[in-house]
Amino acid sequence: MNNAQLFERAQQVIPGGVNSPVRAFRAVGGTPRFIARAQGACMWDAEGQKYIDYIGSWGPMILGHGHPAVLEAVLSAAREGFSYGAPTEREVELAEAIIAQVPSIEQVRLVSSGTEAGMSAIRLARGATGRSKIIKFEGCYHGHADALLVKAGSGLATFGHPTSAGVPAEVVQHTLVLEYNNLEQIEEAFRTQGAEIACVMIEPIAGNMNFVRAQVPFVKRIRELCDQHGALFVFDEVMTGFRVALGSAQSVFAKAIPGFKPDISVFGKVIGGGMPLAAFGTTRQIMQNLAPLGPVYQAGTLSGNPVATACGLATLKEISKPGFYEALGAKTQQLVAGLTLAARDAGIPFVGDSEGGMFGFFFTSELPQNYNVVMATDKERFNRFFHGMLDRGVYLAPALYEAGFVSAAHTDADIAATLDAARAVFATL
């Protein structure tokens, strides 16, 4: 069956024909591609069309698809058993591997998804502080837990309002939504409600706004305010964790802010290597609040799954090799610089940015600093660019507010082919 036939069939049995909304191509229009297989830096759809892949399963495939060492580890683990519902040595090894690279955490709890990890981190922060209010930022996505499905415009909001049906207003009334990179709003929130705030949760590089960095003074001030008022600072590194650096985004900020550490860290994607696996971690003292030691309950039948941990461990082993991130970052910079030059030569407003193997770009003249500016960029031109690239065998994120990802499997030839396609598409825009 071709893509259109599969999409029609899928819509009969799956809402919107997809199991995660952005896959439906609603933001860009057209028919989603149904992927049949992937290898290295490429994917092939149901019609046999080959694509250079820059979504990488939305981030996890940092080594590319089907890396031999990872594949062997997964196959070996699968032969031993899919799931036990009991502890395994591999869970301990993966926890040790994560902690070894992230100085801010002393213990981690493994779970099965980024949403689960983010939800549990919020519960832990509330339990550890005895407070109810949380702060998140507009344009930052932390999974689809009820308390986090809230947005409240550009001003300081005392009470949040749900952005999803099925979330009662009283569930999100303790969620304050502020503008990303707005120092004045975070100052005001702590000035008026500091004693009630359990935590501040942030994407250090907002990959759900395409690619928007938290500014260093902003992160530094949040750290200071949390310390002053007894709140916890939560870094959601589901997307950036082990993707932008071996020490994750917090290590990038630590270079600019001496001694910087978040209180709680949330990980996903890369640590599972493509399998459903995520984690949250912090100090031993805060983690003592978590069941079975403390009153904050969290559990999961498939948490620490033996096949997923094998995949994650093999991935972490490969990315820990000397020079890995230098090479990955150079490839990503090469891609973004090439796209920027090609757009400039075509006379098209375009800006891009990257860190490690994560990148983003906008059809505008300056890098956006918050959600409202991102959404004001040229969406229609992005959509035409997306489809032009897709028609030429380059698979980018199908929405202007999603980041892109380069893997270790991308070759110089892949980058060159991508830039050739971009030059051809820019000429039509």
# chains A, B, ... in the order shown; residues from 1 in each chain; ligands from 1
>>> select_by_dssp(residues="stretch 7-195 of chain A", states="strand (DSSP E or B)", output="ChimeraX atom specification")
/A:35-40,42-45,50-53,65,107-111,133-137,150,162,175-178
>>> closest_residue(among="A:Gln107, A:Gln49, A:Gln298, A:Ser132", to="A:Gln173", atoms="only C-alpha atoms")
A:Ser132
>>> closest_atom_pairs(of="stretch 238-271 of chain A", to="stretch 310-323 of chain A", cutoff="10 Å", atoms="only C-alpha atoms", output="Markdown table")
| residue | atom | partner | partner_atom | distance |
| --- | --- | --- | --- | --- |
| A:Phe242 | CA | A:Ile319 | CA | 8.3 |
| A:Arg243 | CA | A:Ile319 | CA | 9.4 |
| A:Ala245 | CA | A:Ile319 | CA | 9.5 |
| A:Leu246 | CA | A:Ser320 | CA | 6.9 |
| A:Gly247 | CA | A:Ser320 | CA | 9.9 |
| A:Gly268 | CA | A:Gly312 | CA | 9.9 |
| A:Lys269 | CA | A:Gly312 | CA | 9.2 |
| A:Val270 | CA | A:Gly312 | CA | 7.3 |
| A:Ile271 | CA | A:Gly312 | CA | 4.9 |
>>> residues_around(residues="A:Thr240", least_positions_apart="5", cutoff="10 Å", atoms="only C-alpha atoms", output="PDB file with N, CA and C atoms, in the first residue's frame")
ATOM      1  N   GLY A  59      14.828  12.574  18.295  1.00  0.00           N
ATOM      2  CA  GLY A  59      15.987  12.795  19.144  1.00  0.00           C
ATOM      3  C   GLY A  59      16.776  11.598  19.621  1.00  0.00           C
ATOM      4  N   GLU A 203      12.791  23.883  29.918  1.00  0.00           N
ATOM      5  CA  GLU A 203      13.643  23.265  28.896  1.00  0.00           C
ATOM      6  C   GLU A 203      14.834  24.212  28.717  1.00  0.00           C
ATOM      7  N   PRO A 204      16.052  23.788  29.016  1.00  0.00           N
ATOM      8  CA  PRO A 204      17.192  24.696  28.905  1.00  0.00           C
ATOM      9  C   PRO A 204      17.461  25.155  27.475  1.00  0.00           C
ATOM     10  N   ILE A 205      17.160  24.306  26.530  1.00  0.00           N
ATOM     11  CA  ILE A 205      17.054  24.696  25.122  1.00  0.00           C
ATOM     12  C   ILE A 205      15.688  24.196  24.692  1.00  0.00           C
ATOM     13  N   ALA A 206      14.807  25.127  24.371  1.00  0.00           N
ATOM     14  CA  ALA A 206      13.415  24.749  24.119  1.00  0.00           C
ATOM     15  C   ALA A 206      13.262  24.151  22.727  1.00  0.00           C
ATOM     16  N   GLY A 207      13.291  22.835  22.658  1.00  0.00           N
ATOM     17  CA  GLY A 207      13.159  22.133  21.387  1.00  0.00           C
ATOM     18  C   GLY A 207      11.738  22.035  20.904  1.00  0.00           C
ATOM     19  N   PHE A 235      15.426  20.916  35.572  1.00  0.00           N
ATOM     20  CA  PHE A 235      15.873  20.963  34.176  1.00  0.00           C
ATOM     21  C   PHE A 235      15.241  19.788  33.431  1.00  0.00           C
ATOM     22  N   ALA A 245      25.441  17.581  24.652  1.00  0.00           N
ATOM     23  CA  ALA A 245      26.767  17.384  25.249  1.00  0.00           C
ATOM     24  C   ALA A 245      26.706  16.108  26.086  1.00  0.00           C
ATOM     25  N   LEU A 246      27.862  15.539  26.378  1.00  0.00           N
ATOM     26  CA  LEU A 246      27.890  14.332  27.194  1.00  0.00           C
ATOM     27  C   LEU A 246      27.339  14.613  28.589  1.00  0.00           C
ATOM     28  N   GLY A 247      27.583  15.809  29.102  1.00  0.00           N
ATOM     29  CA  GLY A 247      27.056  16.201  30.398  1.00  0.00           C
ATOM     30  C   GLY A 247      25.686  16.849  30.312  1.00  0.00           C
ATOM     31  N   SER A 248      25.090  16.835  29.132  1.00  0.00           N
ATOM     32  CA  SER A 248      23.772  17.402  28.865  1.00  0.00           C
ATOM     33  C   SER A 248      23.818  18.926  28.902  1.00  0.00           C
ATOM     34  N   ALA A 249      22.654  19.569  28.743  1.00  0.00           N
ATOM     35  CA  ALA A 249      22.624  21.035  28.642  1.00  0.00           C
ATOM     36  C   ALA A 249      23.123  21.700  29.916  1.00  0.00           C
ATOM     37  N   GLN A 250      22.918  21.040  31.059  1.00  0.00           N
ATOM     38  CA  GLN A 250      23.369  21.657  32.307  1.00  0.00           C
ATOM     39  C   GLN A 250      24.883  21.842  32.333  1.00  0.00           C
ATOM     40  N   VAL A 266      15.519  15.769  34.401  1.00  0.00           N
ATOM     41  CA  VAL A 266      14.628  14.825  33.732  1.00  0.00           C
ATOM     42  C   VAL A 266      15.263  14.429  32.408  1.00  0.00           C
ATOM     43  N   PHE A 267      15.367  13.135  32.167  1.00  0.00           N
ATOM     44  CA  PHE A 267      16.004  12.627  30.953  1.00  0.00           C
ATOM     45  C   PHE A 267      15.075  11.686  30.198  1.00  0.00           C
ATOM     46  N   GLY A 268      15.353  11.542  28.901  1.00  0.00           N
ATOM     47  CA  GLY A 268      14.611  10.610  28.058  1.00  0.00           C
ATOM     48  C   GLY A 268      15.340  10.468  26.737  1.00  0.00           C
ATOM     49  N   LYS A 269      14.657   9.986  25.735  1.00  0.00           N
ATOM     50  CA  LYS A 269      15.163   9.901  24.371  1.00  0.00           C
ATOM     51  C   LYS A 269      16.524   9.217  24.261  1.00  0.00           C
ATOM     52  N   VAL A 270      17.641   9.967  24.291  1.00  0.00           N
ATOM     53  CA  VAL A 270      18.965   9.396  24.045  1.00  0.00           C
ATOM     54  C   VAL A 270      19.296   8.288  25.039  1.00  0.00           C
ATOM     55  N   GLU A 355      23.465  23.131  18.945  1.00  0.00           N
ATOM     56  CA  GLU A 355      24.310  22.744  20.074  1.00  0.00           C
ATOM     57  C   GLU A 355      24.430  21.237  20.022  1.00  0.00           C
ATOM     58  N   GLY A 356      25.670  20.747  19.958  1.00  0.00           N
ATOM     59  CA  GLY A 356      25.841  19.301  19.827  1.00  0.00           C
ATOM     60  C   GLY A 356      25.131  18.786  18.593  1.00  0.00           C
ATOM     61  N   GLY A 357      24.270  17.794  18.769  1.00  0.00           N
ATOM     62  CA  GLY A 357      23.550  17.209  17.639  1.00  0.00           C
ATOM     63  C   GLY A 357      22.126  17.696  17.500  1.00  0.00           C
ATOM     64  N   MET A 358      21.821  18.859  18.069  1.00  0.00           N
ATOM     65  CA  MET A 358      20.464  19.423  18.023  1.00  0.00           C
ATOM     66  C   MET A 358      20.519  20.766  17.301  1.00  0.00           C
TER      67      MET A 358
END
>>> closest_residue(among="A:Glu72, A:Glu89, A:Glu188, A:Glu116", to="A:Phe280", atoms="only C-alpha atoms")
A:Glu116
>>> residues_around(residues="A:Val406", least_positions_apart="3", cutoff="12 Å", atoms="only C-alpha atoms", output="PyMOL selection string")
chain A and resi 40-42+52-65+243-244+325+327-336+354-360+395-397+403+409-412+414-415+418
>>> closest_residue(among="A:Leu71, A:Leu367, A:Ala78, A:Val108", to="A:Ala121", atoms="only C-alpha atoms")
A:Val108
>>> residues_around(residues="A:Pro349", least_positions_apart="4", cutoff="6 Å", atoms="only C-alpha atoms", output="VMD selection string")
chain A and resid 363 to 365
>>> write_last_selection(atoms="C-alpha atoms", output="mmCIF file, in the first residue's frame")
data_model
loop_
_atom_site.group_PDB
_atom_site.id
_atom_site.type_symbol
_atom_site.label_atom_id
_atom_site.label_comp_id
_atom_site.auth_asym_id
_atom_site.auth_seq_id
_atom_site.Cartn_x
_atom_site.Cartn_y
_atom_site.Cartn_z
ATOM 1 C CA PHE A 363 12.473 32.126 8.450
ATOM 2 C CA THR A 364 13.135 35.471 10.095
ATOM 3 C CA SER A 365 16.071 37.840 10.561
#
>>> select_by_dssp(residues="stretch 205-250 of chain A", states="helix (DSSP H, G or I)", output="VMD selection string")
chain A and resid 207 to 209 216 to 229 248 to 250
>>> write_last_selection(atoms="all heavy atoms", output="compact mmCIF listing (two decimals), in the first residue's frame")
# COMPACT_ATOMS: atom_id res chain seq x y z
N GLY A 207 13.29 22.84 22.66
CA GLY A 207 13.16 22.13 21.39
C GLY A 207 11.74 22.04 20.90
O GLY A 207 11.49 21.58 19.78
N ASN A 208 10.80 22.44 21.73
CA ASN A 208 9.41 22.48 21.30
C ASN A 208 8.99 23.89 20.89
O ASN A 208 7.81 24.16 20.70
CB ASN A 208 8.51 21.93 22.41
CG ASN A 208 8.73 20.44 22.59
OD1 ASN A 208 8.26 19.64 21.80
ND2 ASN A 208 9.46 20.07 23.63
N MET A 209 9.98 24.75 20.75
CA MET A 209 9.82 26.04 20.05
C MET A 209 10.76 26.06 18.85
O MET A 209 11.16 27.12 18.39
CB MET A 209 10.12 27.20 21.00
CG MET A 209 9.06 27.50 22.01
SD MET A 209 9.34 29.07 22.86
CE MET A 209 10.37 28.56 24.23
N VAL A 216 21.65 32.92 29.47
CA VAL A 216 22.43 32.66 30.68
C VAL A 216 21.99 33.51 31.87
O VAL A 216 21.81 32.98 32.98
CB VAL A 216 23.94 32.84 30.38
CG1 VAL A 216 24.76 32.82 31.68
CG2 VAL A 216 24.42 31.73 29.44
N PRO A 217 21.78 34.82 31.72
CA PRO A 217 21.33 35.61 32.88
C PRO A 217 19.97 35.13 33.42
O PRO A 217 19.72 35.21 34.63
CB PRO A 217 21.23 37.03 32.32
CG PRO A 217 22.15 37.05 31.15
CD PRO A 217 22.04 35.68 30.55
N PHE A 218 19.12 34.65 32.53
CA PHE A 218 17.81 34.14 32.92
C PHE A 218 17.95 32.89 33.79
O PHE A 218 17.36 32.80 34.88
CB PHE A 218 17.01 33.84 31.65
CG PHE A 218 15.58 33.42 31.88
CD1 PHE A 218 14.69 34.28 32.49
CD2 PHE A 218 15.13 32.18 31.45
CE1 PHE A 218 13.35 33.91 32.67
CE2 PHE A 218 13.81 31.80 31.62
CZ PHE A 218 12.92 32.67 32.24
N VAL A 219 18.75 31.93 33.34
CA VAL A 219 18.97 30.70 34.10
C VAL A 219 19.67 31.01 35.42
O VAL A 219 19.31 30.46 36.48
CB VAL A 219 19.79 29.70 33.26
CG1 VAL A 219 20.20 28.49 34.09
CG2 VAL A 219 19.00 29.25 32.04
N LYS A 220 20.64 31.88 35.38
CA LYS A 220 21.38 32.26 36.60
C LYS A 220 20.44 32.87 37.63
O LYS A 220 20.50 32.54 38.83
CB LYS A 220 22.50 33.24 36.25
CG LYS A 220 23.39 33.66 37.42
CD LYS A 220 24.54 34.52 36.92
CE LYS A 220 25.50 34.88 38.04
NZ LYS A 220 24.90 35.84 39.00
N ARG A 221 19.53 33.73 37.20
CA ARG A 221 18.62 34.38 38.13
C ARG A 221 17.59 33.41 38.69
O ARG A 221 17.24 33.48 39.88
CB ARG A 221 17.92 35.56 37.44
CG ARG A 221 17.08 36.42 38.40
CD ARG A 221 17.94 36.94 39.54
NE ARG A 221 17.15 37.74 40.49
CZ ARG A 221 17.40 37.78 41.79
NH1 ARG A 221 18.41 37.08 42.31
NH2 ARG A 221 16.66 38.52 42.58
N ILE A 222 17.13 32.48 37.86
CA ILE A 222 16.21 31.46 38.37
C ILE A 222 16.88 30.64 39.46
O ILE A 222 16.29 30.35 40.51
CB ILE A 222 15.70 30.54 37.24
CG1 ILE A 222 14.86 31.32 36.24
CG2 ILE A 222 14.85 29.39 37.82
CD1 ILE A 222 14.46 30.51 35.02
N ARG A 223 18.13 30.27 39.24
CA ARG A 223 18.88 29.51 40.24
C ARG A 223 18.95 30.31 41.56
O ARG A 223 18.74 29.74 42.64
CB ARG A 223 20.28 29.23 39.71
CG ARG A 223 21.24 28.51 40.64
CD ARG A 223 20.86 27.06 40.90
NE ARG A 223 19.86 26.92 41.94
CZ ARG A 223 19.26 25.78 42.23
NH1 ARG A 223 19.54 24.67 41.57
NH2 ARG A 223 18.35 25.73 43.19
N GLU A 224 19.23 31.59 41.45
CA GLU A 224 19.33 32.43 42.65
C GLU A 224 17.98 32.55 43.36
O GLU A 224 17.90 32.45 44.59
CB GLU A 224 19.84 33.82 42.26
CG GLU A 224 21.28 33.83 41.78
CD GLU A 224 21.69 35.15 41.14
OE1 GLU A 224 20.79 35.99 40.90
OE2 GLU A 224 22.89 35.33 40.88
N LEU A 225 16.94 32.75 42.59
CA LEU A 225 15.61 32.91 43.18
C LEU A 225 15.13 31.63 43.86
O LEU A 225 14.52 31.67 44.94
CB LEU A 225 14.61 33.36 42.12
CG LEU A 225 14.76 34.80 41.64
CD1 LEU A 225 13.96 35.04 40.37
CD2 LEU A 225 14.34 35.78 42.73
N CYS A 226 15.39 30.49 43.22
CA CYS A 226 15.02 29.22 43.83
C CYS A 226 15.75 29.02 45.15
O CYS A 226 15.16 28.59 46.15
CB CYS A 226 15.32 28.06 42.88
SG CYS A 226 14.16 27.91 41.50
N ASP A 227 17.04 29.35 45.17
CA ASP A 227 17.81 29.22 46.40
C ASP A 227 17.28 30.15 47.50
O ASP A 227 17.15 29.76 48.66
CB ASP A 227 19.29 29.53 46.13
CG ASP A 227 19.97 28.45 45.31
OD1 ASP A 227 19.44 27.32 45.25
OD2 ASP A 227 21.02 28.75 44.71
N GLN A 228 16.96 31.36 47.12
CA GLN A 228 16.49 32.35 48.10
C GLN A 228 15.13 31.98 48.71
O GLN A 228 14.87 32.24 49.87
CB GLN A 228 16.38 33.72 47.44
CG GLN A 228 17.72 34.35 47.09
CD GLN A 228 17.57 35.58 46.21
OE1 GLN A 228 16.48 36.14 46.11
NE2 GLN A 228 18.65 35.98 45.56
N HIS A 229 14.28 31.34 47.90
CA HIS A 229 12.91 31.09 48.33
C HIS A 229 12.63 29.62 48.66
O HIS A 229 11.49 29.26 48.97
CB HIS A 229 11.93 31.57 47.26
CG HIS A 229 11.93 33.06 47.08
ND1 HIS A 229 11.09 33.89 47.78
CD2 HIS A 229 12.67 33.87 46.29
CE1 HIS A 229 11.30 35.14 47.42
NE2 HIS A 229 12.27 35.16 46.51
N SER A 248 25.09 16.83 29.13
CA SER A 248 23.77 17.40 28.87
C SER A 248 23.82 18.93 28.90
O SER A 248 24.88 19.53 29.06
CB SER A 248 22.74 16.82 29.83
OG SER A 248 22.74 15.40 29.73
N ALA A 249 22.65 19.57 28.74
CA ALA A 249 22.62 21.04 28.64
C ALA A 249 23.12 21.70 29.92
O ALA A 249 23.71 22.79 29.88
CB ALA A 249 21.21 21.50 28.32
N GLN A 250 22.92 21.04 31.06
CA GLN A 250 23.37 21.66 32.31
C GLN A 250 24.88 21.84 32.33
O GLN A 250 25.39 22.77 32.95
CB GLN A 250 22.89 20.88 33.51
CG GLN A 250 23.22 19.42 33.55
CD GLN A 250 22.35 18.69 34.58
OE1 GLN A 250 22.75 18.54 35.73
NE2 GLN A 250 21.18 18.23 34.17
>>> residues_around(residues="stretch 140-142 of chain A", least_positions_apart="4", cutoff="9 Å", atoms="only C-alpha atoms", output="PyMOL selection string")
chain A and resi 114-115+118-119+136+148-149+180+201-203+206-209+236+238+371
>>> closest_atom_pairs(of="stretch 223-332 of chain A", to="stretch 81-84 of chain A", cutoff="7 Å", atoms="only C-alpha atoms", output="tab-separated table")
residue	atom	partner	partner_atom	distance
A:Asn305	CA	A:Ser83	CA	5.9
A:Pro306	CA	A:Ser83	CA	6.1
A:Val307	CA	A:Phe82	CA	6.1
>>> write_last_selection(atoms="C-alpha atoms", output="mmCIF file, in the first residue's frame")
data_model
loop_
_atom_site.group_PDB
_atom_site.id
_atom_site.type_symbol
_atom_site.label_atom_id
_atom_site.label_comp_id
_atom_site.auth_asym_id
_atom_site.auth_seq_id
_atom_site.Cartn_x
_atom_site.Cartn_y
_atom_site.Cartn_z
ATOM 1 C CA ASN A 305 12.814 -2.757 31.185
ATOM 2 C CA PRO A 306 15.734 -5.138 30.482
ATOM 3 C CA VAL A 307 15.667 -4.686 26.697
#
>>> closest_residue(among="A:Ala165, A:Ala128, A:Ile135, A:Ala95", to="A:Gly304", atoms="only C-alpha atoms")
A:Ala95
>>> residues_around(residues="A:Ile286", least_positions_apart="3", cutoff="9 Å", atoms="only C-alpha atoms", output="short mmCIF file (atom, residue, chain, number, x, y, z; two decimals) with all heavy atoms, in the first residue's frame")
data_model
loop_
_atom_site.label_atom_id
_atom_site.label_comp_id
_atom_site.auth_asym_id
_atom_site.auth_seq_id
_atom_site.Cartn_x
_atom_site.Cartn_y
_atom_site.Cartn_z
N LEU A 124 7.58 14.87 42.92
CA LEU A 124 8.68 14.81 43.89
C LEU A 124 9.00 16.20 44.43
O LEU A 124 9.22 16.36 45.64
CB LEU A 124 9.92 14.20 43.22
CG LEU A 124 11.18 14.12 44.07
CD1 LEU A 124 10.95 13.27 45.32
CD2 LEU A 124 12.34 13.56 43.24
N ALA A 125 9.03 17.20 43.56
CA ALA A 125 9.32 18.57 44.00
C ALA A 125 8.26 19.06 44.98
O ALA A 125 8.58 19.68 46.00
CB ALA A 125 9.40 19.50 42.80
N ALA A 128 8.72 17.09 48.28
CA ALA A 128 9.92 17.45 49.03
C ALA A 128 9.81 18.83 49.68
O ALA A 128 10.40 19.07 50.74
CB ALA A 128 11.14 17.42 48.11
N ASP A 263 18.36 21.36 40.49
CA ASP A 263 18.06 20.48 41.62
C ASP A 263 17.58 19.11 41.16
O ASP A 263 17.99 18.08 41.70
CB ASP A 263 17.00 21.13 42.51
CG ASP A 263 17.51 22.39 43.18
OD1 ASP A 263 18.53 22.31 43.88
OD2 ASP A 263 16.91 23.46 42.97
N ILE A 264 16.69 19.09 40.18
CA ILE A 264 16.16 17.84 39.64
C ILE A 264 16.36 17.85 38.14
O ILE A 264 16.17 18.88 37.48
CB ILE A 264 14.66 17.68 39.97
CG1 ILE A 264 14.41 17.71 41.48
CG2 ILE A 264 14.11 16.37 39.38
CD1 ILE A 264 12.94 17.63 41.87
N THR A 282 18.12 13.36 41.14
CA THR A 282 18.51 14.51 41.95
C THR A 282 19.44 14.03 43.05
O THR A 282 20.06 12.95 42.93
CB THR A 282 17.26 15.22 42.52
OG1 THR A 282 17.68 16.30 43.36
CG2 THR A 282 16.38 14.30 43.31
N THR A 283 19.55 14.78 44.12
CA THR A 283 20.40 14.38 45.23
C THR A 283 19.78 13.22 46.00
O THR A 283 18.56 12.99 45.95
CB THR A 283 20.61 15.55 46.20
OG1 THR A 283 19.34 15.92 46.75
CG2 THR A 283 21.23 16.75 45.50
N ASN A 289 12.57 11.07 49.49
CA ASN A 289 11.13 11.32 49.60
C ASN A 289 10.31 10.36 48.73
O ASN A 289 9.08 10.30 48.84
CB ASN A 289 10.81 12.75 49.18
CG ASN A 289 11.32 13.78 50.16
OD1 ASN A 289 10.70 14.02 51.20
ND2 ASN A 289 12.45 14.39 49.84
N LEU A 290 11.00 9.62 47.86
CA LEU A 290 10.32 8.77 46.87
C LEU A 290 10.08 7.37 47.42
O LEU A 290 10.93 6.79 48.09
CB LEU A 290 11.20 8.71 45.62
CG LEU A 290 10.57 8.34 44.29
CD1 LEU A 290 9.50 9.34 43.88
CD2 LEU A 290 11.66 8.25 43.21
#
>>> closest_residue(among="A:Arg392, A:Pro368, A:Ser113, A:Pro292", to="A:Pro276", atoms="only C-alpha atoms")
A:Ser113
>>> closest_residue(among="A:Thr309, A:Ser407, A:Gln288, A:Thr377", to="A:Val74", atoms="only C-alpha atoms")
A:Thr309
>>> atom_distance(atom1="atom CA of A:Thr31", atom2="atom CA of A:Phe211")
25.1 Å
>>> decode(residues="stretch 363-386 of chain A", atoms="C-alpha atoms", output="mmCIF file, in the first residue's frame")
data_model
loop_
_atom_site.group_PDB
_atom_site.id
_atom_site.type_symbol
_atom_site.label_atom_id
_atom_site.label_comp_id
_atom_site.auth_asym_id
_atom_site.auth_seq_id
_atom_site.Cartn_x
_atom_site.Cartn_y
_atom_site.Cartn_z
ATOM 1 C CA PHE A 363 12.473 32.126 8.450
ATOM 2 C CA THR A 364 13.135 35.471 10.095
ATOM 3 C CA SER A 365 16.071 37.840 10.561
ATOM 4 C CA GLU A 366 16.843 37.306 14.276
ATOM 5 C CA LEU A 367 16.830 34.279 16.548
ATOM 6 C CA PRO A 368 13.617 34.260 18.609
ATOM 7 C CA GLN A 369 13.824 34.389 22.395
ATOM 8 C CA ASN A 370 10.282 33.311 23.297
ATOM 9 C CA TYR A 371 7.183 31.521 22.086
ATOM 10 C CA ASN A 372 5.306 34.553 20.741
ATOM 11 C CA VAL A 373 8.227 35.532 18.527
ATOM 12 C CA VAL A 374 8.597 31.943 17.268
ATOM 13 C CA MET A 375 4.952 31.816 16.275
ATOM 14 C CA ALA A 376 5.276 35.131 14.427
ATOM 15 C CA THR A 377 7.960 33.762 12.081
ATOM 16 C CA ASP A 378 7.085 32.869 8.481
ATOM 17 C CA LYS A 379 5.077 29.676 8.856
ATOM 18 C CA GLU A 380 3.909 29.484 5.242
ATOM 19 C CA ARG A 381 7.449 29.766 3.898
ATOM 20 C CA PHE A 382 8.550 27.082 6.354
ATOM 21 C CA ASN A 383 5.771 24.785 5.125
ATOM 22 C CA ARG A 384 6.802 25.261 1.500
ATOM 23 C CA PHE A 385 10.428 24.635 2.434
ATOM 24 C CA PHE A 386 9.485 21.478 4.335
#
